[in-house]
>>> print(open('model-v2.pdb').read())   # PDB, C-alpha atoms
ATOM      1  CA  MET A   1     -28.885  21.550  30.157
ATOM      2  CA  ILE A   2     -32.607  22.180  29.642
ATOM      3  CA  LEU A   3     -35.222  20.188  31.532
ATOM      4  CA  VAL A   4     -38.367  19.553  29.479
ATOM      5  CA  THR A   5     -41.256  18.207  31.540
ATOM      6  CA  GLY A   6     -43.518  16.104  29.379
ATOM      7  CA  GLY A   7     -40.452  15.869  27.187
ATOM      8  CA  LEU A   8     -41.385  12.570  25.565
ATOM      9  CA  GLY A   9     -44.817  13.797  24.512
ATOM     10  CA  PHE A  10     -45.889  15.314  21.221
ATOM     11  CA  ILE A  11     -44.788  18.915  21.683
ATOM     12  CA  GLY A  12     -42.042  17.914  24.118
ATOM     13  CA  THR A  13     -40.250  15.732  21.576
ATOM     14  CA  HIS A  14     -40.276  18.472  18.949
ATOM     15  CA  THR A  15     -39.064  20.991  21.520
ATOM     16  CA  ALA A  16     -36.223  18.672  22.490
ATOM     17  CA  ARG A  17     -35.283  18.217  18.828
ATOM     18  CA  ALA A  18     -35.197  21.987  18.329
ATOM     19  CA  LEU A  19     -33.091  22.504  21.456
ATOM     20  CA  LEU A  20     -30.636  19.896  20.188
ATOM     21  CA  ASP A  21     -30.477  21.645  16.817
ATOM     22  CA  LEU A  22     -29.586  24.841  18.675
ATOM     23  CA  GLY A  23     -26.687  23.151  20.473
ATOM     24  CA  GLN A  24     -28.330  22.331  23.809
ATOM     25  CA  SER A  25     -28.527  19.124  25.819
ATOM     26  CA  CYS A  26     -31.831  18.044  27.368
ATOM     27  CA  VAL A  27     -33.283  16.075  30.230
ATOM     28  CA  LEU A  28     -36.722  14.758  29.307
ATOM     29  CA  LEU A  29     -39.001  14.036  32.245
ATOM     30  CA  GLY A  30     -41.968  11.708  31.869
ATOM     31  CA  ARG A  31     -44.305   9.916  34.239
ATOM     32  CA  ARG A  32     -43.955   6.512  32.582
ATOM     33  CA  ALA A  33     -40.897   4.306  32.232
ATOM     34  CA  VAL A  34     -39.841   4.365  28.585
ATOM     35  CA  ALA A  35     -37.705   1.839  26.765
ATOM     36  CA  ASP A  36     -35.227   3.077  24.161
ATOM     37  CA  ALA A  37     -37.344   1.425  21.466
ATOM     38  CA  ASP A  38     -40.281   3.655  22.434
ATOM     39  CA  VAL A  39     -38.367   6.892  21.902
ATOM     40  CA  SER A  40     -39.120   8.735  18.674
ATOM     41  CA  ASP A  41     -36.461   8.487  16.014
ATOM     42  CA  LEU A  42     -36.471  12.292  16.000
ATOM     43  CA  ILE A  43     -34.244  12.151  19.078
ATOM     44  CA  ALA A  44     -33.288   8.471  19.508
ATOM     45  CA  SER A  45     -29.758   8.883  18.162
ATOM     46  CA  GLU A  46     -28.982  11.427  20.895
ATOM     47  CA  ILE A  47     -30.040   9.275  23.871
ATOM     48  CA  GLY A  48     -27.207   8.983  26.361
ATOM     49  CA  SER A  49     -25.097  11.690  24.761
ATOM     50  CA  ARG A  50     -27.164  14.872  24.603
ATOM     51  CA  VAL A  51     -30.583  13.560  25.611
ATOM     52  CA  PHE A  52     -31.236  11.967  28.991
ATOM     53  CA  ILE A  53     -34.556  10.436  29.995
ATOM     54  CA  GLU A  54     -35.791  10.478  33.570
ATOM     55  CA  GLN A  55     -38.954   8.972  34.968
ATOM     56  CA  GLY A  56     -40.689  11.240  37.422
ATOM     57  CA  ASP A  57     -43.833  13.134  38.234
ATOM     58  CA  VAL A  58     -43.890  16.901  38.665
ATOM     59  CA  THR A  59     -46.484  16.438  41.408
ATOM     60  CA  ASP A  60     -43.777  14.700  43.479
ATOM     61  CA  LEU A  61     -41.344  17.428  44.544
ATOM     62  CA  SER A  62     -38.740  15.051  45.961
ATOM     63  CA  SER A  63     -38.432  13.087  42.708
ATOM     64  CA  LEU A  64     -38.236  16.321  40.760
ATOM     65  CA  LEU A  65     -35.461  17.714  42.933
ATOM     66  CA  LYS A  66     -33.457  14.502  42.462
ATOM     67  CA  VAL A  67     -33.245  15.288  38.759
ATOM     68  CA  GLY A  68     -31.410  18.481  39.614
ATOM     69  CA  ALA A  69     -28.999  16.502  41.776
ATOM     70  CA  ARG A  70     -28.031  14.352  38.787
ATOM     71  CA  TYR A  71     -27.833  17.069  36.125
ATOM     72  CA  GLU A  72     -26.882  20.730  35.982
ATOM     73  CA  ILE A  73     -30.234  22.174  34.939
ATOM     74  CA  THR A  74     -29.925  25.646  33.425
ATOM     75  CA  GLY A  75     -33.469  26.135  32.149
ATOM     76  CA  VAL A  76     -36.935  24.569  32.313
ATOM     77  CA  VAL A  77     -39.677  24.178  29.707
ATOM     78  CA  HIS A  78     -42.763  22.974  31.574
ATOM     79  CA  LEU A  79     -45.054  21.109  29.172
ATOM     80  CA  ALA A  80     -46.362  18.335  31.425
ATOM     81  CA  ALA A  81     -50.141  18.507  31.615
ATOM     82  CA  GLY A  82     -50.853  17.847  35.276
ATOM     83  CA  GLY A  83     -54.518  17.069  35.889
ATOM     84  CA  TRP A  84     -55.277  16.237  32.256
ATOM     85  CA  PRO A  85     -56.982  14.209  30.930
ATOM     86  CA  PRO A  86     -59.608  14.592  33.642
ATOM     87  CA  SER A  87     -60.499  11.821  36.046
ATOM     88  CA  ALA A  88     -63.626  11.213  38.070
ATOM     89  CA  ASN A  89     -62.254  13.567  40.738
ATOM     90  CA  PRO A  90     -61.928  17.143  39.429
ATOM     91  CA  ILE A  91     -60.677  18.402  42.784
ATOM     92  CA  GLU A  92     -57.706  16.045  42.665
ATOM     93  CA  ASP A  93     -57.129  16.977  39.022
ATOM     94  CA  ALA A  94     -56.950  20.656  39.940
ATOM     95  CA  ARG A  95     -54.681  19.929  42.893
ATOM     96  CA  ALA A  96     -52.311  17.931  40.668
ATOM     97  CA  ALA A  97     -52.107  20.727  38.105
ATOM     98  CA  VAL A  98     -51.396  23.440  40.685
ATOM     99  CA  ASN A  99     -48.974  21.308  42.716
ATOM    100  CA  GLY A 100     -47.073  20.319  39.592
ATOM    101  CA  LEU A 101     -46.638  23.946  38.571
ATOM    102  CA  LEU A 102     -45.544  25.044  42.051
ATOM    103  CA  ASN A 103     -43.088  22.152  42.278
ATOM    104  CA  VAL A 104     -41.512  23.096  38.960
ATOM    105  CA  LEU A 105     -41.132  26.703  40.112
ATOM    106  CA  GLN A 106     -39.720  25.535  43.458
ATOM    107  CA  ALA A 107     -37.180  23.304  41.740
ATOM    108  CA  ALA A 108     -36.199  26.018  39.274
ATOM    109  CA  HIS A 109     -35.672  28.444  42.149
ATOM    110  CA  ASP A 110     -33.582  25.945  44.111
ATOM    111  CA  TRP A 111     -31.466  25.134  41.069
ATOM    112  CA  GLY A 112     -30.960  28.772  40.162
ATOM    113  CA  VAL A 113     -32.025  28.277  36.554
ATOM    114  CA  ALA A 114     -31.828  31.108  34.062
ATOM    115  CA  ARG A 115     -35.381  30.885  32.731
ATOM    116  CA  VAL A 116     -38.645  28.962  33.129
ATOM    117  CA  GLY A 117     -41.268  28.612  30.409
ATOM    118  CA  VAL A 118     -44.778  27.320  31.054
ATOM    119  CA  ALA A 119     -47.121  26.092  28.332
ATOM    120  CA  SER A 120     -50.482  27.785  27.981
ATOM    121  CA  THR A 121     -53.030  27.545  25.186
ATOM    122  CA  ILE A 122     -54.788  29.513  22.466
ATOM    123  CA  GLY A 123     -57.952  28.461  24.293
ATOM    124  CA  VAL A 124     -57.478  31.200  26.901
ATOM    125  CA  TYR A 125     -58.728  33.643  24.255
ATOM    126  CA  GLY A 126     -62.119  31.956  24.127
ATOM    127  CA  GLY A 127     -64.857  34.504  24.727
ATOM    128  CA  VAL A 128     -62.639  37.519  24.007
ATOM    129  CA  PRO A 129     -64.410  40.074  21.766
ATOM    130  CA  LEU A 130     -62.591  40.012  18.453
ATOM    131  CA  PRO A 131     -60.855  43.245  17.451
ATOM    132  CA  GLU A 132     -62.249  45.020  14.427
ATOM    133  CA  ASP A 133     -58.904  45.154  12.653
ATOM    134  CA  SER A 134     -59.955  43.896   9.254
ATOM    135  CA  ALA A 135     -61.763  45.533   6.392
ATOM    136  CA  ALA A 136     -63.953  42.455   6.031
ATOM    137  CA  SER A 137     -66.321  41.965   8.946
ATOM    138  CA  ASP A 138     -66.156  38.180   8.609
ATOM    139  CA  ALA A 139     -62.353  37.953   8.272
ATOM    140  CA  ALA A 140     -60.265  36.307  10.957
ATOM    141  CA  ALA A 141     -58.769  38.732  13.465
ATOM    142  CA  ALA A 142     -55.319  38.813  15.033
ATOM    143  CA  MET A 143     -55.292  38.210  18.794
ATOM    144  CA  ARG A 144     -52.621  40.025  20.804
ATOM    145  CA  GLU A 145     -51.223  38.913  24.140
ATOM    146  CA  ASP A 146     -52.287  42.112  25.913
ATOM    147  CA  VAL A 147     -56.023  41.676  25.282
ATOM    148  CA  PRO A 148     -57.994  41.298  28.551
ATOM    149  CA  LEU A 149     -59.118  37.717  29.156
ATOM    150  CA  PRO A 150     -62.465  36.749  30.675
ATOM    151  CA  LEU A 151     -62.303  34.929  33.994
ATOM    152  CA  THR A 152     -64.688  32.236  32.796
ATOM    153  CA  SER A 153     -63.776  29.270  30.560
ATOM    154  CA  GLY A 154     -65.891  26.741  28.714
ATOM    155  CA  HIS A 155     -63.359  23.918  29.019
ATOM    156  CA  ALA A 156     -61.047  22.530  31.689
ATOM    157  CA  ILE A 157     -57.837  23.150  29.727
ATOM    158  CA  PRO A 158     -58.112  26.949  29.258
ATOM    159  CA  ALA A 159     -59.478  27.257  32.801
ATOM    160  CA  SER A 160     -56.405  25.491  34.146
ATOM    161  CA  LYS A 161     -54.044  27.496  31.943
ATOM    162  CA  LYS A 162     -55.499  30.842  33.018
ATOM    163  CA  ILE A 163     -54.927  29.851  36.638
ATOM    164  CA  SER A 164     -51.380  28.722  35.818
ATOM    165  CA  GLU A 165     -50.576  31.961  34.015
ATOM    166  CA  LEU A 166     -51.652  34.120  36.932
ATOM    167  CA  LEU A 167     -50.137  31.928  39.623
ATOM    168  CA  ALA A 168     -46.812  31.413  37.866
ATOM    169  CA  ASP A 169     -46.507  35.088  37.020
ATOM    170  CA  TYR A 170     -46.949  36.034  40.679
ATOM    171  CA  VAL A 171     -44.780  33.270  42.171
ATOM    172  CA  ALA A 172     -41.979  33.660  39.669
ATOM    173  CA  GLY A 173     -41.913  37.407  40.141
ATOM    174  CA  ALA A 174     -41.839  37.113  43.916
ATOM    175  CA  ALA A 175     -39.133  34.448  43.782
ATOM    176  CA  GLY A 176     -36.983  36.349  41.310
ATOM    177  CA  LEU A 177     -37.323  33.795  38.496
ATOM    178  CA  GLU A 178     -37.228  34.816  34.856
ATOM    179  CA  PHE A 179     -40.445  33.372  33.517
ATOM    180  CA  TYR A 180     -42.688  33.356  30.451
ATOM    181  CA  ASN A 181     -46.036  31.897  29.391
ATOM    182  CA  ALA A 182     -46.320  30.388  25.910
ATOM    183  CA  ARG A 183     -49.862  30.475  24.525
ATOM    184  CA  ILE A 184     -49.725  27.662  22.000
ATOM    185  CA  ALA A 185     -51.945  27.446  18.904
ATOM    186  CA  GLY A 186     -53.396  24.326  17.281
ATOM    187  CA  ILE A 187     -50.384  22.036  16.865
ATOM    188  CA  TRP A 188     -50.348  19.238  14.307
ATOM    189  CA  GLY A 189     -47.789  17.007  12.665
ATOM    190  CA  PRO A 190     -45.600  13.964  13.395
ATOM    191  CA  LEU A 191     -46.286  12.255  16.753
ATOM    192  CA  GLY A 192     -49.596  14.086  17.213
ATOM    193  CA  ARG A 193     -52.906  12.378  17.848
ATOM    194  CA  PRO A 194     -54.478  11.001  14.647
ATOM    195  CA  VAL A 195     -57.821  12.291  15.910
ATOM    196  CA  SER A 196     -58.198  15.654  17.606
ATOM    197  CA  ARG A 197     -61.314  16.818  19.389
ATOM    198  CA  PHE A 198     -60.409  20.460  18.902
ATOM    199  CA  PHE A 199     -59.643  20.721  15.171
ATOM    200  CA  GLY A 200     -59.731  18.430  12.162
ATOM    201  CA  ALA A 201     -56.292  18.885  10.575
ATOM    202  CA  PRO A 202     -54.878  15.520  11.733
ATOM    203  CA  GLN A 203     -58.000  13.694  10.569
ATOM    204  CA  LEU A 204     -57.680  15.268   7.125
ATOM    205  CA  VAL A 205     -54.045  14.231   6.649
ATOM    206  CA  HIS A 206     -54.477  10.693   7.977
ATOM    207  CA  ALA A 207     -57.539  10.176   5.799
ATOM    208  CA  ALA A 208     -55.750  11.422   2.676
ATOM    209  CA  VAL A 209     -52.792   9.104   3.264
ATOM    210  CA  ARG A 210     -55.099   6.123   3.896
ATOM    211  CA  GLY A 211     -57.383   6.965   0.983
ATOM    212  CA  THR A 212     -60.472   7.229   3.179
ATOM    213  CA  ALA A 213     -62.965   9.935   4.083
ATOM    214  CA  PRO A 214     -62.026  11.986   7.180
ATOM    215  CA  ASP A 215     -63.959  11.148  10.336
ATOM    216  CA  PHE A 216     -64.855  14.325  12.190
ATOM    217  CA  SER A 217     -67.278  12.630  14.589
ATOM    218  CA  GLU A 218     -65.141  13.351  17.657
ATOM    219  CA  LEU A 219     -64.778  17.065  16.992
ATOM    220  CA  TYR A 220     -66.423  19.342  19.536
ATOM    221  CA  SER A 221     -67.690  21.461  16.636
ATOM    222  CA  PRO A 222     -68.455  20.390  13.025
ATOM    223  CA  ALA A 223     -65.861  21.265  10.382
ATOM    224  CA  HIS A 224     -66.986  23.500   7.510
ATOM    225  CA  ALA A 225     -64.958  24.575   4.502
ATOM    226  CA  GLN A 226     -64.433  28.199   5.563
ATOM    227  CA  ASP A 227     -63.943  27.613   9.291
ATOM    228  CA  SER A 228     -60.404  28.629  10.173
ATOM    229  CA  LEU A 229     -57.954  28.509  13.032
ATOM    230  CA  ASP A 230     -54.332  29.237  13.793
ATOM    231  CA  LEU A 231     -52.480  26.045  12.899
ATOM    232  CA  CYS A 232     -48.819  25.746  13.807
ATOM    233  CA  TYR A 233     -46.815  22.804  12.506
ATOM    234  CA  ALA A 234     -45.182  20.783  15.277
ATOM    235  CA  LYS A 235     -41.645  21.469  14.085
ATOM    236  CA  ASP A 236     -42.314  25.209  14.090
ATOM    237  CA  CYS A 237     -43.825  24.989  17.569
ATOM    238  CA  GLY A 238     -40.801  23.125  18.932
ATOM    239  CA  ARG A 239     -38.432  25.678  17.441
ATOM    240  CA  ALA A 240     -40.466  28.571  18.832
ATOM    241  CA  LEU A 241     -40.364  27.128  22.354
ATOM    242  CA  ALA A 242     -36.636  26.468  22.066
ATOM    243  CA  LEU A 243     -35.994  30.019  20.892
ATOM    244  CA  LEU A 244     -37.995  31.437  23.811
ATOM    245  CA  GLN A 245     -35.872  29.406  26.178
ATOM    246  CA  LEU A 246     -32.571  30.507  24.644
ATOM    247  CA  ALA A 247     -33.170  34.115  23.554
ATOM    248  CA  PRO A 248     -30.624  36.527  25.068
ATOM    249  CA  GLN A 249     -33.449  38.698  26.415
ATOM    250  CA  LEU A 250     -37.204  38.445  26.710
ATOM    251  CA  ASN A 251     -39.156  41.669  27.013
ATOM    252  CA  HIS A 252     -42.521  40.153  27.947
ATOM    253  CA  ARG A 253     -44.036  37.558  30.264
ATOM    254  CA  THR A 254     -46.482  36.167  27.697
ATOM    255  CA  TYR A 255     -45.918  35.064  24.101
ATOM    256  CA  ASN A 256     -48.187  33.676  21.425
ATOM    257  CA  VAL A 257     -46.745  30.600  19.721
ATOM    258  CA  GLY A 258     -48.493  29.912  16.447
ATOM    259  CA  GLY A 259     -48.510  30.166  12.706
ATOM    260  CA  GLY A 260     -49.545  33.809  12.734
ATOM    261  CA  ARG A 261     -52.275  33.211  10.165
ATOM    262  CA  ALA A 262     -55.746  31.710   9.850
ATOM    263  CA  THR A 263     -55.935  28.445   7.913
ATOM    264  CA  THR A 264     -59.292  27.236   6.611
ATOM    265  CA  TYR A 265     -60.248  23.595   6.265
ATOM    266  CA  GLN A 266     -60.688  24.178   2.540
ATOM    267  CA  HIS A 267     -57.115  25.464   2.287
ATOM    268  CA  LEU A 268     -55.917  22.277   3.999
ATOM    269  CA  ALA A 269     -58.021  20.117   1.704
ATOM    270  CA  ASP A 270     -56.674  21.900  -1.390
ATOM    271  CA  ALA A 271     -53.082  21.424  -0.219
ATOM    272  CA  LEU A 272     -53.707  17.725   0.385
ATOM    273  CA  ALA A 273     -55.174  17.355  -3.096
ATOM    274  CA  GLU A 274     -51.885  18.707  -4.491
ATOM    275  CA  VAL A 275     -49.623  16.596  -2.285
ATOM    276  CA  VAL A 276     -51.472  13.262  -2.155
ATOM    277  CA  PRO A 277     -52.699  12.239  -5.621
ATOM    278  CA  GLY A 278     -56.289  11.105  -5.727
ATOM    279  CA  THR A 279     -57.333  12.939  -2.585
ATOM    280  CA  ARG A 280     -60.918  14.151  -2.652
ATOM    281  CA  ILE A 281     -62.227  15.790   0.473
ATOM    282  CA  GLU A 282     -65.745  17.145   0.510
ATOM    283  CA  LEU A 283     -66.547  19.653   3.237
ATOM    284  CA  PRO A 284     -69.823  21.418   4.025
ATOM    285  CA  GLU A 285     -69.818  24.808   2.339
ATOM    286  CA  GLY A 286     -69.422  28.061   4.254
ATOM    287  CA  ARG A 287     -68.977  28.298   7.985
ATOM    288  CA  ASN A 288     -70.368  26.362  10.898
ATOM    289  CA  PRO A 289     -73.718  28.097  11.518
ATOM    290  CA  HIS A 290     -73.444  27.411  15.237
ATOM    291  CA  GLY A 291     -69.902  28.733  15.524
ATOM    292  CA  PRO A 292     -68.635  32.284  15.995
ATOM    293  CA  ALA A 293     -69.209  34.851  13.263
ATOM    294  CA  ARG A 294     -65.463  35.384  13.001
ATOM    295  CA  ASP A 295     -62.381  33.312  13.739
ATOM    296  CA  PHE A 296     -59.055  34.527  15.091
ATOM    297  CA  TYR A 297     -55.394  33.693  14.858
ATOM    298  CA  LEU A 298     -52.443  34.539  17.063
ATOM    299  CA  ASP A 299     -50.478  37.727  16.573
ATOM    300  CA  ILE A 300     -46.840  36.557  16.778
ATOM    301  CA  THR A 301     -45.180  39.982  16.666
ATOM    302  CA  ARG A 302     -43.708  39.615  20.166
ATOM    303  CA  ILE A 303     -41.968  36.296  19.571
ATOM    304  CA  ARG A 304     -40.720  37.462  16.194
ATOM    305  CA  GLN A 305     -39.170  40.573  17.700
ATOM    306  CA  ASP A 306     -37.638  38.937  20.775
ATOM    307  CA  THR A 307     -36.410  35.621  19.328
ATOM    308  CA  GLY A 308     -36.299  35.952  15.553
ATOM    309  CA  TYR A 309     -38.867  33.159  15.223
ATOM    310  CA  GLU A 310     -40.535  32.795  11.853
ATOM    311  CA  PRO A 311     -42.780  29.875  10.871
ATOM    312  CA  GLY A 312     -40.883  27.672   8.432
ATOM    313  CA  TYR A 313     -43.837  25.589   7.262
ATOM    314  CA  ASP A 314     -46.625  27.041   5.180
ATOM    315  CA  THR A 315     -49.697  24.854   4.708
ATOM    316  CA  ARG A 316     -48.463  22.997   1.657
ATOM    317  CA  ARG A 317     -45.014  22.274   3.062
ATOM    318  CA  ALA A 318     -46.507  21.118   6.365
ATOM    319  CA  VAL A 319     -49.006  18.832   4.628
ATOM    320  CA  ALA A 320     -46.256  17.330   2.463
ATOM    321  CA  ASP A 321     -43.950  16.729   5.418
ATOM    322  CA  TYR A 322     -46.698  15.174   7.548
ATOM    323  CA  ALA A 323     -47.891  12.935   4.691
ATOM    324  CA  ASP A 324     -44.334  11.753   4.028
ATOM    325  CA  TRP A 325     -43.933  10.909   7.715
ATOM    326  CA  LEU A 326     -47.098   8.808   7.739
ATOM    327  CA  ARG A 327     -46.301   7.108   4.427
ATOM    328  CA  ALA A 328     -42.921   6.117   5.879
ATOM    329  CA  GLY A 329     -44.776   3.794   8.258
ATOM    330  CA  HIS A 330     -45.330   5.941  11.332
ATOM    331  CA  GLU A 331     -48.733   5.494  12.912
ATOM    332  CA  ARG A 332     -48.851   9.063  14.147
TER
END
>>> encode(input="model-v2.pdb", output="structure tokens")
Amino acid sequence: MILVTGGLGFIGTHTARALLDLGQSCVLLGRRAVADADVSDLIASEIGSRVFIEQGDVTDLSSLLKVGARYEITGVVHLAAGGWPPSANPIEDARAAVNGLLNVLQAAHDWGVARVGVASTIGVYGGVPLPEDSAASDAAAAMREDVPLPLTSGHAIPASKKISELLADYVAGAAGLEFYNARIAGIWGPLGRPVSRFFGAPQLVHAAVRGTAPDFSELYSPAHAQDSLDLCYAKDCGRALALLQLAPQLNHRTYNVGGGRATTYQHLADALAEVVPGTRIELPEGRNPHGPARDFYLDITRIRQDTGYEPGYDTRRAVADYADWLRAGHER
């Protein structure tokens, strides 16, 4: 049975669904009490048979260990975002994030689990010089897991994840735990936030379904037609994380989890115009003049080789699936 911390969240629910599809049972740990009616219909039919929900906080070791007393935990996927969103006390936020990670590793060690996965982010690559691996100087570049990362970070999330990667790698190795980091790309799709601060894909889809203009006002950086990023559809992300947890053998400690390609905003807009009749999305031409000269995407060679993962959703299929989900009455 696989424990998924943050298992009732966006990525957690899709990971649970993928684990179920691969024949596993799951314990989903969340900080809030959740009624059955609040559980996504992606997994609701399995509650009480193959999916079990537990309320608990990874920052509380005793409550975490009690989960292992009630279930035979064989693996852990740690997705809970301790210390985020930030509060008025950044020191306590940092302490919560580190304590939560150490508690998960402690519990996994005590339970004798086969493997522990910890979520990281594409954001850890911020500030890395892009490799000159393309004939076009302005083309997006593939980012490999073995590229050296800078110690600095411009945002709390990648800063926290870099710390977690280093700390978990050391602790897990010293404790004899099989462990991996999953550096996750921009994830979008059912159950995700309608408005993202990091990229505009959700805004585009929600606007097309509602017949309104997309509101990019909350984005950290303006969206231009040729700006691109590695987008990974939520169902692909969940399957990738499930495959990492269940692969017979992992040959690395760090894996990129993404679409393995750069997707421009214009490509998204064109796909929406095909899928949702009447959609007209006007984007500023070219690239954000204040952004980087080149974008990057995640090289997914490692996860392909070790798990057989292959993204199942190209842009058009992802857009169609997401639009259908929203048109069926789901708010997100």
>>> residues_around(input="model-v2.pdb", residues="region 206-220 of chain A", least_positions_apart="4", cutoff="10 Å", atoms="all atoms listed in the file", output="compact mmCIF listing (two decimals) with C-alpha atoms, in the frame of the given file")
# COMPACT_ATOMS: atom_id res chain seq x y z
CA PRO A 194 -54.48 11.00 14.65
CA VAL A 195 -57.82 12.29 15.91
CA SER A 196 -58.20 15.65 17.61
CA ARG A 197 -61.31 16.82 19.39
CA PHE A 198 -60.41 20.46 18.90
CA PHE A 199 -59.64 20.72 15.17
CA GLY A 200 -59.73 18.43 12.16
CA ALA A 201 -56.29 18.89 10.58
CA PRO A 202 -54.88 15.52 11.73
CA ALA A 269 -58.02 20.12 1.70
CA LEU A 272 -53.71 17.73 0.38
CA ALA A 273 -55.17 17.36 -3.10
CA VAL A 275 -49.62 16.60 -2.28
CA VAL A 276 -51.47 13.26 -2.15
CA PRO A 277 -52.70 12.24 -5.62
CA GLY A 278 -56.29 11.10 -5.73
CA THR A 279 -57.33 12.94 -2.58
CA ARG A 280 -60.92 14.15 -2.65
CA ILE A 281 -62.23 15.79 0.47
CA GLU A 282 -65.74 17.14 0.51
CA LEU A 283 -66.55 19.65 3.24
CA TYR A 322 -46.70 15.17 7.55
CA ALA A 323 -47.89 12.94 4.69
CA ASP A 324 -44.33 11.75 4.03
CA LEU A 326 -47.10 8.81 7.74
CA ARG A 327 -46.30 7.11 4.43
CA GLU A 331 -48.73 5.49 12.91
CA ARG A 332 -48.85 9.06 14.15
>>> residues_around(input="model-v2.pdb", residues="Ile163 (chain A)", least_positions_apart="3", cutoff="10 Å", atoms="all atoms listed in the file", output="compact mmCIF listing (two decimals) with C-alpha atoms, in the coordinates of the input")
# COMPACT_ATOMS: atom_id res chain seq x y z
CA ALA A 94 -56.95 20.66 39.94
CA ALA A 97 -52.11 20.73 38.10
CA VAL A 98 -51.40 23.44 40.68
CA SER A 120 -50.48 27.78 27.98
CA LEU A 151 -62.30 34.93 33.99
CA PRO A 158 -58.11 26.95 29.26
CA ALA A 159 -59.48 27.26 32.80
CA SER A 160 -56.40 25.49 34.15
CA LEU A 166 -51.65 34.12 36.93
CA LEU A 167 -50.14 31.93 39.62
CA ALA A 168 -46.81 31.41 37.87
CA ASP A 169 -46.51 35.09 37.02
>>> resolve_selection(input="model-v2.pdb", expression="the PyMOL selection byres ((chain A and resi 288-296) around 9)", output="PyMOL selection string")
chain A and resi 130+137-143+221-230+261-262+284-287+297-298
>>> atom_distance(input="model-v2.pdb", atom1="CA of Asp146 (chain A)", atom2="CA of Ala114 (chain A)")
24.6 Å
>>> resolve_selection(input="model-v2.pdb", expression="the PyMOL selection byres ((chain A and resi 100) around 9)", output="PDB file with C-alpha atoms, in the coordinates of the input")
ATOM      1  CA  ASP A  57     -43.833  13.134  38.234  1.00  0.00           C
ATOM      2  CA  VAL A  58     -43.890  16.901  38.665  1.00  0.00           C
ATOM      3  CA  THR A  59     -46.484  16.438  41.408  1.00  0.00           C
ATOM      4  CA  ASP A  60     -43.777  14.700  43.479  1.00  0.00           C
ATOM      5  CA  LEU A  61     -41.344  17.428  44.544  1.00  0.00           C
ATOM      6  CA  ALA A  80     -46.362  18.335  31.425  1.00  0.00           C
ATOM      7  CA  ALA A  81     -50.141  18.507  31.615  1.00  0.00           C
ATOM      8  CA  GLY A  82     -50.853  17.847  35.276  1.00  0.00           C
ATOM      9  CA  GLY A  83     -54.518  17.069  35.889  1.00  0.00           C
ATOM     10  CA  ARG A  95     -54.681  19.929  42.893  1.00  0.00           C
ATOM     11  CA  ALA A  96     -52.311  17.931  40.668  1.00  0.00           C
ATOM     12  CA  ALA A  97     -52.107  20.727  38.105  1.00  0.00           C
ATOM     13  CA  VAL A  98     -51.396  23.440  40.685  1.00  0.00           C
ATOM     14  CA  ASN A  99     -48.974  21.308  42.716  1.00  0.00           C
ATOM     15  CA  LEU A 101     -46.638  23.946  38.571  1.00  0.00           C
ATOM     16  CA  LEU A 102     -45.544  25.044  42.051  1.00  0.00           C
ATOM     17  CA  ASN A 103     -43.088  22.152  42.278  1.00  0.00           C
ATOM     18  CA  VAL A 104     -41.512  23.096  38.960  1.00  0.00           C
ATOM     19  CA  LEU A 105     -41.132  26.703  40.112  1.00  0.00           C
TER      20      LEU A 105
END
>>> resolve_selection(input="model-v2.pdb", expression="the PyMOL selection byres ((chain A and resi 183) around 10)", output="PyMOL selection string")
chain A and resi 118-125+145+161+165+180-182+184-185+254-258+298
>>> closest_residue(input="model-v2.pdb", among="A:Arg304, A:Arg115, A:Arg17, A:Arg239", to="Ile47 (chain A)", atoms="only C-alpha atoms")
A:Arg17
>>> atom_distance(input="model-v2.pdb", atom1="CA of Gly6 (chain A)", atom2="CA of Ile91 (chain A)")
21.9 Å
>>> axis_aligned_box(input="model-v2.pdb", around="region 217-224 of chain A", padding_each_side="6 Å", output="AutoDock Vina command-line options")
--center_x -66.6 --center_y 18.1 --center_z 13.5 --size_x 15.7 --size_y 22.9 --size_z 24.0
>>> atom_distance(input="model-v2.pdb", atom1="CA of Gly12 (chain A)", atom2="CA of Val319 (chain A)")
20.7 Å
>>> closest_residue(input="model-v2.pdb", among="A:Ala174, A:Ala247, A:Ile53, A:Leu8", to="Gly192 (chain A)", atoms="all atoms listed in the file")
A:Leu8
>>> residues_around(input="model-v2.pdb", residues="Asn251 (chain A)", least_positions_apart="2", cutoff="8 Å", atoms="all atoms listed in the file", output="PDB file with C-alpha atoms, in the coordinates of the input")
ATOM      1  CA  GLN A 249     -33.449  38.698  26.415  1.00  0.00           C
ATOM      2  CA  ARG A 253     -44.036  37.558  30.264  1.00  0.00           C
ATOM      3  CA  ASP A 306     -37.638  38.937  20.775  1.00  0.00           C
TER       4      ASP A 306
END
>>> closest_residue(input="model-v2.pdb", among="A:Gly312, A:Gly23, A:Gly30, A:Gly75", to="Ile2 (chain A)", atoms="all atoms listed in the file")
A:Gly75
>>> closest_residue(input="model-v2.pdb", among="A:Gly176, A:Pro248, A:Gly238, A:Gly189", to="Thr315 (chain A)", atoms="all atoms listed in the file")
A:Gly189
>>> residues_around(input="model-v2.pdb", residues="Gln245 (chain A)", least_positions_apart="4", cutoff="8 Å", atoms="all atoms listed in the file", output="mmCIF file with C-alpha atoms, in the coordinates of the input")
data_model
loop_
_atom_site.group_PDB
_atom_site.id
_atom_site.type_symbol
_atom_site.label_atom_id
_atom_site.label_comp_id
_atom_site.auth_asym_id
_atom_site.auth_seq_id
_atom_site.Cartn_x
_atom_site.Cartn_y
_atom_site.Cartn_z
ATOM 1 C CA GLY A 75 -33.469 26.135 32.149
ATOM 2 C CA VAL A 76 -36.935 24.569 32.313
ATOM 3 C CA VAL A 77 -39.677 24.178 29.707
ATOM 4 C CA ARG A 115 -35.381 30.885 32.731
ATOM 5 C CA VAL A 116 -38.645 28.962 33.129
ATOM 6 C CA GLY A 117 -41.268 28.612 30.409
ATOM 7 C CA LEU A 241 -40.364 27.128 22.354
#
